[in-house]
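Structure below is run_6.cif: mmCIF, C-alpha atoms (C1' of nucleotides).
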data_model
loop_
_atom_site.label_atom_id
_atom_site.label_comp_id
_atom_site.auth_asym_id
_atom_site.auth_seq_id
_atom_site.Cartn_x
_atom_site.Cartn_y
_atom_site.Cartn_z
CA MET A 1 -170.68 46.30 -51.54
CA ALA A 2 -172.16 47.64 -48.34
CA ARG A 3 -171.57 51.10 -49.72
CA LYS A 4 -174.80 53.05 -49.54
CA SER A 5 -173.95 56.12 -51.63
CA TYR A 6 -174.59 58.45 -48.77
CA PRO A 7 -173.09 61.89 -48.75
CA GLY A 8 -170.81 62.63 -45.83
CA ASP A 9 -169.10 60.00 -43.77
CA MET A 10 -170.98 57.03 -45.19
CA THR A 11 -171.86 55.55 -41.78
CA THR A 12 -175.02 57.50 -41.00
CA PRO A 13 -178.03 58.34 -43.14
CA PRO A 14 -177.78 61.75 -44.82
CA THR A 15 -179.18 64.73 -42.99
CA ALA A 16 -180.76 67.75 -44.62
CA THR A 17 -177.47 69.57 -44.11
CA ASP A 18 -175.57 66.79 -45.88
CA TRP A 19 -177.92 67.04 -48.85
CA LEU A 20 -177.59 70.79 -49.04
CA ARG A 21 -173.81 70.48 -48.91
CA LEU A 22 -173.74 67.82 -51.62
CA ASP A 23 -176.10 69.86 -53.74
CA GLN A 24 -173.85 72.83 -53.35
CA GLN A 25 -170.94 70.79 -54.60
CA ILE A 26 -172.72 69.42 -57.67
CA CYS A 27 -174.22 72.57 -59.01
CA PHE A 28 -171.26 74.62 -57.94
CA SER A 29 -168.81 72.30 -59.72
CA LEU A 30 -170.68 72.49 -62.98
CA ASN A 31 -171.08 76.22 -62.71
CA ALA A 32 -167.41 76.69 -61.84
CA ALA A 33 -166.22 74.45 -64.67
CA SER A 34 -168.37 76.31 -67.14
CA ARG A 35 -167.00 79.66 -66.01
CA ALA A 36 -163.42 78.39 -65.94
CA PHE A 37 -163.88 77.22 -69.52
CA GLY A 38 -165.21 80.64 -70.37
CA SER A 39 -162.10 82.28 -68.93
CA VAL A 40 -159.79 80.11 -71.01
CA TYR A 41 -161.76 80.79 -74.17
CA ARG A 42 -161.82 84.49 -73.37
CA VAL A 43 -158.02 84.60 -73.26
CA ILE A 44 -157.52 82.47 -76.35
CA LEU A 45 -160.22 84.17 -78.42
CA LYS A 46 -159.08 87.69 -77.57
CA ASP A 47 -156.68 87.55 -80.53
CA LEU A 48 -159.58 86.79 -82.84
CA GLY A 49 -161.66 89.63 -81.44
CA ILE A 50 -164.66 87.44 -80.62
CA THR A 51 -166.33 86.10 -77.49
CA TYR A 52 -167.01 82.49 -76.62
CA PRO A 53 -170.72 82.52 -77.59
CA GLN A 54 -169.79 84.26 -80.83
CA TYR A 55 -167.21 81.55 -81.49
CA LEU A 56 -169.90 78.89 -81.01
CA VAL A 57 -172.07 80.62 -83.61
CA LEU A 58 -169.17 80.73 -86.06
CA LEU A 59 -168.36 77.03 -85.45
CA VAL A 60 -171.90 76.14 -86.48
CA LEU A 61 -171.75 78.34 -89.57
CA TRP A 62 -168.32 77.00 -90.57
CA GLU A 63 -169.63 73.47 -90.31
CA HIS A 64 -173.12 73.85 -91.76
CA GLY A 65 -172.87 76.92 -93.98
CA ASP A 66 -175.41 79.74 -94.05
CA LEU A 67 -178.44 79.15 -91.83
CA PRO A 68 -181.61 80.98 -90.81
CA VAL A 69 -181.62 82.29 -87.24
CA LYS A 70 -184.10 79.58 -86.27
CA LYS A 71 -181.81 76.70 -87.31
CA LEU A 72 -178.83 78.37 -85.70
CA GLY A 73 -180.83 78.55 -82.48
CA GLU A 74 -181.68 74.86 -82.66
CA HIS A 75 -178.02 73.91 -83.03
CA LEU A 76 -177.03 76.12 -80.11
CA ARG A 77 -180.15 75.79 -77.95
CA LEU A 78 -180.50 79.55 -77.94
CA ASP A 79 -183.55 81.65 -78.73
CA SER A 80 -183.84 84.88 -80.68
CA GLY A 81 -183.68 86.91 -77.50
CA THR A 82 -180.06 85.86 -77.13
CA LEU A 83 -179.15 85.47 -80.79
CA SER A 84 -180.51 88.73 -82.20
CA PRO A 85 -178.15 91.05 -80.31
CA LEU A 86 -175.27 88.59 -80.60
CA LEU A 87 -175.67 88.39 -84.39
CA LYS A 88 -175.94 92.15 -84.57
CA ARG A 89 -172.52 92.37 -82.91
CA LEU A 90 -171.07 89.79 -85.31
CA GLU A 91 -172.51 91.81 -88.17
CA THR A 92 -170.97 95.02 -86.82
CA ALA A 93 -167.65 93.15 -86.61
CA GLY A 94 -168.03 92.33 -90.31
CA LEU A 95 -168.07 88.56 -89.83
CA VAL A 96 -171.65 87.83 -90.91
CA ARG A 97 -174.45 89.43 -92.90
CA ARG A 98 -178.16 89.06 -92.22
CA GLU A 99 -180.61 88.94 -95.10
CA ARG A 100 -184.36 88.48 -95.08
CA SER A 101 -185.23 85.30 -96.92
CA ALA A 102 -187.00 85.96 -100.21
CA ARG A 103 -189.00 82.76 -99.87
CA ASP A 104 -190.21 83.46 -96.35
CA GLU A 105 -190.06 87.05 -95.26
CA ARG A 106 -190.30 86.03 -91.60
CA SER A 107 -186.96 84.26 -91.79
CA VAL A 108 -183.50 85.84 -91.71
CA GLU A 109 -180.53 84.08 -93.30
CA VAL A 110 -177.22 84.42 -91.50
CA ARG A 111 -174.36 84.35 -94.01
CA LEU A 112 -170.63 84.34 -93.38
CA THR A 113 -168.81 87.23 -95.01
CA GLU A 114 -165.42 86.67 -96.66
CA GLN A 115 -163.91 87.91 -93.41
CA GLY A 116 -166.00 85.43 -91.47
CA VAL A 117 -164.85 82.58 -93.70
CA ALA A 118 -161.25 83.76 -93.46
CA LEU A 119 -161.35 83.81 -89.66
CA ARG A 120 -161.68 80.03 -89.71
CA GLU A 121 -158.04 79.76 -90.80
CA ARG A 122 -156.98 81.52 -87.63
CA ALA A 123 -159.43 79.56 -85.49
CA VAL A 124 -158.10 76.11 -86.35
CA GLN A 125 -155.41 76.46 -83.71
CA VAL A 126 -157.96 77.14 -80.94
CA PRO A 127 -159.12 73.55 -80.26
CA ARG A 128 -155.61 72.25 -79.68
CA ARG A 129 -154.92 75.01 -77.21
CA ILE A 130 -158.18 74.38 -75.40
CA VAL A 131 -157.57 70.65 -75.19
CA SER A 132 -154.08 71.23 -73.84
CA ALA A 133 -155.48 73.62 -71.23
CA THR A 134 -157.81 70.91 -69.92
CA SER A 135 -154.96 68.47 -69.25
CA PHE A 136 -157.40 65.75 -70.36
CA ASP A 137 -156.72 63.46 -73.26
CA VAL A 138 -159.14 63.11 -76.13
CA ASP A 139 -160.77 59.95 -74.76
CA GLU A 140 -161.35 61.51 -71.37
CA ILE A 141 -162.88 64.54 -73.01
CA ARG A 142 -165.09 62.38 -75.16
CA ASP A 143 -166.27 60.47 -72.10
CA LEU A 144 -166.95 63.65 -70.14
CA ARG A 145 -168.85 65.04 -73.08
CA ALA A 146 -171.03 61.93 -73.26
CA ARG A 147 -171.93 62.21 -69.58
CA LEU A 148 -172.70 65.89 -69.88
CA ASP A 149 -174.95 65.27 -72.88
CA GLN A 150 -176.72 62.54 -70.95
CA LEU A 151 -177.14 64.95 -68.04
CA THR A 152 -178.48 67.66 -70.32
CA SER A 153 -181.05 65.29 -71.85
CA ALA A 154 -182.27 64.23 -68.44
CA LEU A 155 -182.50 67.80 -67.19
CA ASP A 156 -184.34 68.94 -70.32
CA ALA A 157 -186.81 66.10 -69.91
CA ALA A 158 -187.32 66.99 -66.25
CA VAL A 159 -188.03 70.62 -67.08
CA HIS A 160 -190.49 69.72 -69.81
CA VAL A 161 -192.41 67.38 -67.53
CA GLU A 162 -192.88 70.60 -65.58
CA LEU A 163 -191.54 69.53 -62.19
CA PRO A 164 -190.15 66.27 -60.94
CA ASP A 165 -192.41 65.39 -58.01
CA GLU A 166 -190.89 66.16 -54.72
CA ASP A 167 -191.05 63.00 -52.76
CA MET B 1 -155.55 48.67 -78.66
CA ALA B 2 -154.71 50.29 -81.97
CA ARG B 3 -157.18 52.99 -81.02
CA LYS B 4 -155.56 56.35 -81.54
CA SER B 5 -158.07 58.66 -79.91
CA TYR B 6 -158.67 60.53 -83.09
CA PRO B 7 -161.85 62.45 -83.59
CA GLY B 8 -163.92 61.39 -86.57
CA ASP B 9 -163.73 57.99 -88.18
CA MET B 10 -160.64 56.77 -86.31
CA THR B 11 -158.85 55.56 -89.46
CA THR B 12 -157.29 58.82 -90.62
CA PRO B 13 -155.42 61.52 -88.75
CA PRO B 14 -157.62 64.39 -87.60
CA THR B 15 -158.09 67.30 -89.94
CA ALA B 16 -158.60 70.90 -88.86
CA THR B 17 -162.30 70.41 -89.49
CA ASP B 18 -162.38 67.36 -87.24
CA TRP B 19 -160.74 69.34 -84.46
CA LEU B 20 -163.14 72.22 -84.84
CA ARG B 21 -166.06 69.82 -84.72
CA LEU B 22 -164.76 68.05 -81.64
CA ASP B 23 -164.05 71.35 -79.99
CA GLN B 24 -167.57 72.43 -80.73
CA GLN B 25 -168.87 69.33 -79.04
CA ILE B 26 -166.77 69.71 -75.89
CA CYS B 27 -167.38 73.32 -75.13
CA PHE B 28 -170.93 73.15 -76.34
CA SER B 29 -171.73 70.17 -74.12
CA LEU B 30 -170.44 71.87 -71.02
CA ASN B 31 -172.21 75.08 -71.86
CA ALA B 32 -175.45 73.28 -72.61
CA ALA B 33 -175.31 71.22 -69.42
CA SER B 34 -174.70 74.32 -67.37
CA ARG B 35 -177.66 76.10 -68.93
CA ALA B 36 -179.91 73.05 -68.64
CA PHE B 37 -179.04 72.89 -64.95
CA GLY B 38 -179.90 76.55 -64.69
CA SER B 39 -183.34 75.91 -66.22
CA VAL B 40 -184.12 73.18 -63.73
CA TYR B 41 -183.01 75.32 -60.80
CA ARG B 42 -185.02 78.24 -62.16
CA VAL B 43 -188.21 76.17 -62.13
CA ILE B 44 -187.57 74.64 -58.72
CA LEU B 45 -186.40 77.86 -57.07
CA LYS B 46 -189.28 79.94 -58.41
CA ASP B 47 -191.33 78.93 -55.36
CA LEU B 48 -188.62 80.32 -53.09
CA GLY B 49 -188.44 83.57 -55.01
CA ILE B 50 -184.69 83.35 -55.62
CA THR B 51 -182.40 82.71 -58.58
CA TYR B 52 -179.77 80.03 -58.90
CA PRO B 53 -176.76 82.28 -58.12
CA GLN B 54 -178.67 83.70 -55.16
CA TYR B 55 -179.32 80.14 -53.97
CA LEU B 56 -175.57 79.43 -54.17
CA VAL B 57 -174.89 82.46 -51.97
CA LEU B 58 -177.47 81.29 -49.44
CA LEU B 59 -176.02 77.75 -49.43
CA VAL B 60 -172.65 79.19 -48.43
CA LEU B 61 -174.17 81.35 -45.72
CA TRP B 62 -176.29 78.48 -44.38
CA GLU B 63 -173.20 76.32 -44.15
CA HIS B 64 -170.61 78.82 -42.92
CA GLY B 65 -172.66 81.51 -41.21
CA ASP B 66 -172.15 85.23 -41.69
CA LEU B 67 -169.23 86.12 -43.91
CA PRO B 68 -167.59 89.23 -45.33
CA VAL B 69 -168.13 89.77 -49.06
CA LYS B 70 -164.52 88.81 -49.71
CA LYS B 71 -164.83 85.35 -48.14
CA LEU B 72 -168.14 84.77 -49.86
CA GLY B 73 -166.45 85.56 -53.16
CA GLU B 74 -163.66 83.08 -52.46
CA HIS B 75 -166.16 80.29 -51.78
CA LEU B 76 -168.09 81.08 -54.95
CA ARG B 77 -165.21 82.24 -57.17
CA LEU B 78 -167.05 85.48 -57.77
CA ASP B 79 -165.76 89.03 -57.45
CA SER B 80 -167.44 92.11 -56.04
CA GLY B 81 -168.53 93.17 -59.49
CA THR B 82 -170.92 90.23 -59.52
CA LEU B 83 -171.63 89.96 -55.80
CA SER B 84 -172.41 93.57 -54.99
CA PRO B 85 -175.56 93.85 -57.11
CA LEU B 86 -176.56 90.26 -56.31
CA LEU B 87 -176.32 90.92 -52.56
CA LYS B 88 -178.23 94.15 -52.98
CA ARG B 89 -181.09 92.14 -54.48
CA LEU B 90 -180.94 89.59 -51.66
CA GLU B 91 -181.05 92.49 -49.22
CA THR B 92 -184.05 94.02 -50.98
CA ALA B 93 -185.72 90.61 -50.75
CA GLY B 94 -185.14 90.72 -46.98
CA LEU B 95 -182.97 87.60 -46.87
CA VAL B 96 -179.65 89.19 -45.86
CA ARG B 97 -178.35 92.37 -44.27
CA ARG B 98 -175.05 94.06 -45.04
CA GLU B 99 -173.10 95.77 -42.28
CA ARG B 100 -169.76 97.49 -42.40
CA SER B 101 -167.37 95.69 -40.14
CA ALA B 102 -166.44 97.71 -37.03
CA ARG B 103 -162.95 96.18 -37.01
CA ASP B 104 -162.19 96.91 -40.64
CA GLU B 105 -164.28 99.57 -42.27
CA ARG B 106 -163.34 98.33 -45.71
CA SER B 107 -165.08 95.04 -45.10
CA VAL B 108 -168.83 94.37 -45.28
CA GLU B 109 -170.35 91.51 -43.31
CA VAL B 110 -173.18 89.66 -45.01
CA ARG B 111 -175.62 88.36 -42.39
CA LEU B 112 -178.66 86.17 -42.84
CA THR B 113 -181.88 87.75 -41.59
CA GLU B 114 -184.44 85.63 -39.75
CA GLN B 115 -186.22 85.31 -43.06
CA GLY B 116 -182.98 84.15 -44.67
CA VAL B 117 -182.45 81.55 -41.97
CA ALA B 118 -186.08 80.44 -42.23
CA LEU B 119 -185.84 79.94 -45.99
CA ARG B 120 -183.43 77.07 -45.38
CA GLU B 121 -186.33 74.98 -44.10
CA ARG B 122 -188.05 75.30 -47.44
CA ALA B 123 -184.80 74.76 -49.35
CA VAL B 124 -184.00 71.35 -47.90
CA GLN B 125 -186.27 69.70 -50.45
CA VAL B 126 -184.43 71.28 -53.38
CA PRO B 127 -181.40 68.92 -53.57
CA ARG B 128 -183.54 65.80 -53.78
CA ARG B 129 -185.55 67.26 -56.60
CA ILE B 130 -182.41 68.31 -58.45
CA VAL B 131 -180.81 64.90 -58.05
CA SER B 132 -183.94 63.19 -59.28
CA ALA B 133 -184.02 65.52 -62.30
CA THR B 134 -180.53 64.42 -63.30
CA SER B 135 -181.47 60.73 -63.47
CA PHE B 136 -177.96 60.08 -62.07
CA ASP B 137 -177.38 58.27 -58.82
CA VAL B 138 -175.30 59.79 -56.05
CA ASP B 139 -172.12 57.93 -57.02
CA GLU B 140 -172.38 59.00 -60.63
CA ILE B 141 -172.89 62.58 -59.54
CA ARG B 142 -169.93 62.37 -57.21
CA ASP B 143 -167.78 61.03 -60.03
CA LEU B 144 -168.91 63.71 -62.44
CA ARG B 145 -168.25 66.35 -59.83
CA ALA B 146 -164.71 65.06 -59.30
CA ARG B 147 -163.99 65.23 -63.02
CA LEU B 148 -165.40 68.71 -63.30
CA ASP B 149 -163.34 69.93 -60.35
CA GLN B 150 -160.24 68.42 -61.92
CA LEU B 151 -161.12 70.17 -65.17
CA THR B 152 -161.65 73.47 -63.40
CA SER B 153 -158.27 73.23 -61.65
CA ALA B 154 -156.50 72.53 -64.92
CA LEU B 155 -158.27 75.37 -66.70
CA ASP B 156 -157.53 77.80 -63.87
CA ALA B 157 -153.88 76.83 -63.96
CA ALA B 158 -153.78 77.28 -67.73
CA VAL B 159 -155.28 80.76 -67.51
CA HIS B 160 -152.86 81.84 -64.79
CA VAL B 161 -149.84 80.66 -66.77
CA GLU B 162 -151.15 83.29 -69.19
CA LEU B 163 -151.51 81.12 -72.29
CA PRO B 164 -150.81 77.47 -72.94
CA ASP B 165 -148.26 77.54 -75.74
CA GLU B 166 -149.79 76.85 -79.04
CA ASP B 167 -147.91 74.06 -80.64
"C1'" DG C 1 -146.03 110.31 -37.48
"C1'" DG C 2 -146.32 110.60 -42.58
"C1'" DC C 3 -146.74 108.42 -46.90
"C1'" DC C 4 -147.33 104.94 -50.29
"C1'" DA C 5 -148.74 100.25 -51.73
"C1'" DT C 6 -152.38 97.14 -50.86
"C1'" DT C 7 -156.90 95.58 -49.68
"C1'" DT C 8 -161.87 95.82 -49.97
"C1'" DA C 9 -166.50 97.10 -51.91
"C1'" DG C 10 -168.70 99.27 -55.07
"C1'" DT C 11 -169.54 101.33 -59.94
"C1'" DT C 12 -169.45 101.36 -64.95
"C1'" DG C 13 -169.68 99.31 -69.33
"C1'" DT C 14 -170.08 95.21 -72.22
"C1'" DA C 15 -171.95 90.78 -73.27
"C1'" DC C 16 -174.68 86.88 -72.62
"C1'" DA C 17 -179.24 84.15 -71.10
"C1'" DC C 18 -183.92 83.99 -70.85
"C1'" DA C 19 -188.95 85.15 -70.00
"C1'" DA C 20 -192.47 87.79 -71.85
"C1'" DC C 21 -193.99 90.45 -75.33
"C1'" DT C 22 -194.59 92.73 -80.22
"C1'" DG C 23 -195.38 92.77 -85.04
"C1'" DA C 24 -195.06 90.99 -89.49
"C1'" DA C 25 -195.55 86.99 -92.54
"C1'" DT C 26 -197.45 82.53 -93.39
"C1'" DT C 27 -200.44 78.55 -92.89
"C1'" DG C 28 -204.51 75.99 -92.05
"C1'" DT C 29 -209.40 75.71 -92.17
"C1'" DG C 30 -213.88 76.58 -93.29
"C1'" DC D 1 -211.35 83.97 -100.23
"C1'" DA D 2 -211.35 85.27 -95.19
"C1'" DC D 3 -209.47 84.95 -90.81
"C1'" DA D 4 -207.78 82.89 -86.72
"C1'" DA D 5 -203.72 80.32 -85.11
"C1'" DT D 6 -198.95 79.77 -85.71
"C1'" DT D 7 -194.21 80.90 -86.87
"C1'" DC D 8 -190.30 83.81 -86.81
"C1'" DA D 9 -187.22 87.59 -85.57
"C1'" DG D 10 -186.75 91.25 -82.80
"C1'" DT D 11 -187.42 94.16 -78.38
"C1'" DT D 12 -187.74 94.93 -73.42
"C1'" DG D 13 -186.61 94.06 -68.79
"C1'" DT D 14 -184.15 91.41 -65.26
"C1'" DG D 15 -180.21 88.99 -63.64
"C1'" DT D 16 -175.76 87.28 -63.86
"C1'" DA D 17 -170.39 87.43 -65.25
"C1'" DC D 18 -166.40 89.94 -65.65
"C1'" DA D 19 -162.83 93.59 -66.85
"C1'" DA D 20 -161.48 98.01 -65.58
"C1'" DC D 21 -161.90 101.54 -62.65
"C1'" DT D 22 -162.88 104.44 -58.18
"C1'" DA D 23 -162.72 105.55 -53.35
"C1'" DA D 24 -162.12 104.63 -48.72
"C1'" DA D 25 -159.51 102.24 -45.19
"C1'" DT D 26 -155.52 99.75 -43.68
"C1'" DG D 27 -150.70 98.33 -43.05
"C1'" DG D 28 -145.90 98.59 -43.67
"C1'" DC D 29 -141.80 101.22 -43.95
"C1'" DC D 30 -138.89 104.85 -43.27
#

Is it possible to express this structure as structure tokens?
Amino acid sequence: MARKSYPGDMTTPPTATDWLRLDQQICFSLNAASRAFGSVYRVILKDLGITYPQYLVLLVLWEHGDLPVKKLGEHLRLDSGTLSPLLKRLETAGLVRRERSARDERSVEVRLTEQGVALRERAVQVPRRIVSATSFDVDEIRDLRARLDQLTSALDAAVHVELPDED
Amino acid sequence: MARKSYPGDMTTPPTATDWLRLDQQICFSLNAASRAFGSVYRVILKDLGITYPQYLVLLVLWEHGDLPVKKLGEHLRLDSGTLSPLLKRLETAGLVRRERSARDERSVEVRLTEQGVALRERAVQVPRRIVSATSFDVDEIRDLRARLDQLTSALDAAVHVELPDED
DNA sequence: GGCCATTTAGTTGTACACAACTGAATTGTG
DNA sequence: CACAATTCAGTTGTGTACAACTAAATGGCC
């Protein structure tokens, strides 16, 4: 109960160096985990001929059906600067088509091709392999996910408030 | 206690769709958290004129002193393909120098310049602002970090074993 | 001592991520 | 109806990541 949540040896107040070291560990851990995940997906998705961000796009389309670029971006938190070239590559690969909406000429509908729909059959094995690579069970993953989502919300809020004040 | 850790409604075994949805949530959450973190760092580091990966490099140098590119890469899990251009930009910014080692001409020592050392004084405020942006307390962050490191280890192991077997 | 495998940075090519911008279509308002 | 503000996709430019490759230096082995 006397625990003070200090970084370091817990008996002295944290120094600037302690804070920098702790900070390094936090941001580094998240960054490293994200890249390690990317490596595993890269290996597993190589068979399917798609990258990890492309897989995320397909997951959304498989679940929600055809969507305009805007909606796709909302699901994935990505803007057109990232999505436009990515979708162009998926189109070149024959997995999606892009068609200007007749209703609203500004909007572009992203539609799965037959090939794109068919790829789902081969993708169903991916989640199991990913989960087994984590060595976590489903509950642990669910819990981790909840914390990460909570973290993301807080960080988004902090960015939108411009800057958290420094003191 | 009858809880089976199934995705979805918990009363039926998981379908392929359930797995794909859960998978989407896991990988998406991690990806989103990582990018949200990046956005916060981007805003906070703008004053210092450096990016988030550049900040990570400086954190290592501030803690460990001058290092050859190889060692730096081991600390950061980054290879020369990423570090070489990044270090070139830090050099252009006047924060580090690169010098061929006299002992081993293959090796390049990365040294902080006076400016690079001085920047640390302005960086000490960064961790507090990051932590406050997360809305997590230090213990929660420590716990999250531990889980992420565990995850990273497992994922690294899985990649190195080539592929986790699929069934 | 000579030669080959290994180590180390760097380069090249591909693919995100994102800020800032462009241009076309649409909407709101007078 | 006219026209300014907004919405939407795309483009441009910068900065990672990372695989695959190159070239120079080193070390081990005969």

For segment 85-137 of chain B against segment 140-155 of chain A, with a cut-off of 10 Å and counting only C-alpha atoms, what is the closest atom pair and its distance in Å to one decimal for every residue that makes the cut, ordered by chain and number, as JSON lines?
{"residue": "B:Ile130", "atom": "CA", "partner": "A:Leu155", "partner_atom": "CA", "distance": 8.8}
{"residue": "B:Val131", "atom": "CA", "partner": "A:Leu155", "partner_atom": "CA", "distance": 9.7}
{"residue": "B:Ser132", "atom": "CA", "partner": "A:Leu155", "partner_atom": "CA", "distance": 9.3}
{"residue": "B:Ala133", "atom": "CA", "partner": "A:Leu155", "partner_atom": "CA", "distance": 5.6}
{"residue": "B:Thr134", "atom": "CA", "partner": "A:Ala154", "partner_atom": "CA", "distance": 5.4}
{"residue": "B:Ser135", "atom": "CA", "partner": "A:Ala154", "partner_atom": "CA", "distance": 6.1}
{"residue": "B:Phe136", "atom": "CA", "partner": "A:Leu151", "partner_atom": "CA", "distance": 7.7}

Dump of C-alpha atoms for the selected residues, as a compact mmCIF listing (two decimals), keeping the file's coordinate frame:
# COMPACT_ATOMS: atom_id res chain seq x y z
CA ILE B 130 -182.41 68.31 -58.45
CA VAL B 131 -180.81 64.90 -58.05
CA SER B 132 -183.94 63.19 -59.28
CA ALA B 133 -184.02 65.52 -62.30
CA THR B 134 -180.53 64.42 -63.30
CA SER B 135 -181.47 60.73 -63.47
CA PHE B 136 -177.96 60.08 -62.07

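You can rank C:DA15, C:DA9, C:DC3, C:DA25 by their closest distance to chain B using all atoms listed in the file, and at the top of that list sits C:DA9.
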
Per-residue nearest contacts chain B to chain D, cut-off 7 Å, using all atoms listed in the file, as a tab-separated table:
residue	atom	partner	partner_atom	distance
B:Thr82	CA	D:DA17	C1'	6.4
B:Glu105	CA	D:DA25	C1'	6.2
B:Arg106	CA	D:DA25	C1'	5.5

Based on the selection just made, write C-alpha atoms of those residues as a PDB file, in the frame of the given file.
ATOM      1  CA  THR B  82    -170.920  90.230 -59.520  1.00  0.00           C
ATOM      2  CA  GLU B 105    -164.280  99.570 -42.270  1.00  0.00           C
ATOM      3  CA  ARG B 106    -163.340  98.330 -45.710  1.00  0.00           C
TER       4      ARG B 106
END

Explicit residue set for the PyMOL selection byres ((chain B) within 7 of (chain C)), as a list in words: Ser80, Ser84, Arg106 and Ser107 of chain B

Pull C-alpha atoms from the residues just selected and write them as a PDB file, in the coordinates of the input.
ATOM      1  CA  SER B  80    -167.440  92.110 -56.040  1.00  0.00           C
ATOM      2  CA  SER B  84    -172.410  93.570 -54.990  1.00  0.00           C
ATOM      3  CA  ARG B 106    -163.340  98.330 -45.710  1.00  0.00           C
ATOM      4  CA  SER B 107    -165.080  95.040 -45.100  1.00  0.00           C
TER       5      SER B 107
END

Atom-to-atom span, atom CA of Ser101 of chain A and atom CA of Lys71 of chain A, Å: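 These atoms are spaced 13.3 Å apart.
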
Distance of atom CA of Arg42 of chain B from atom CA of Pro127 of chain B, expressed in Å to one decimal place: 13.2 Å

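Atom CA of Tyr41 of chain B lies 13.0 Å from atom CA of His160 of chain A.
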
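This file, queried with the PyMOL selection byres ((chain A and resi 117) around 12), gives the residues Leu58, Leu59, Val60, Leu61, Trp62, Glu63, Gly65, Asp66, Gly94, Leu95, Val96, Arg97, Arg111, Leu112, Thr113, Glu114, Gln115, Gly116, Ala118, Leu119, Arg120, Glu121, Arg122, Ala123 and Val124 of chain A.
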
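Nearest residue to chain B, choosing from A:Pro68, A:Gly81, A:Leu76, A:Lys88 and counting only C-alpha atoms: A:Leu76.
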
Selected residue of minimal separation from chain B among A:Leu86, A:Asp156, A:Glu99, A:Asp79, counting all atoms listed in the file: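 Of A:Leu86, A:Asp156, A:Glu99, A:Asp79, the one nearest chain B is A:Asp156, counting all atoms listed in the file.
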
Pick from B:Gly49, B:Pro85, B:Gly73, B:Gly38 nearest to chain A, counting all atoms listed in the file: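 Selected residue with least distance to chain A: B:Gly38.
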
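The smallest atom-to-atom distance between chain B and any of A:Val161, A:His64, A:Val138, A:Glu74, using all atoms listed in the file, is found for A:Val138.
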
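Using only C-alpha atoms for every distance, the candidate list A:Ile50, A:Leu78, A:Ala93, A:Leu67 yields A:Leu78 as the residue closest to chain B.
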
Point (-162.8, 85.0, -78.4), cut-off 10 Å, counting all atoms listed in the file, residues as number ranges by chain: A: 38-56, 123, 126
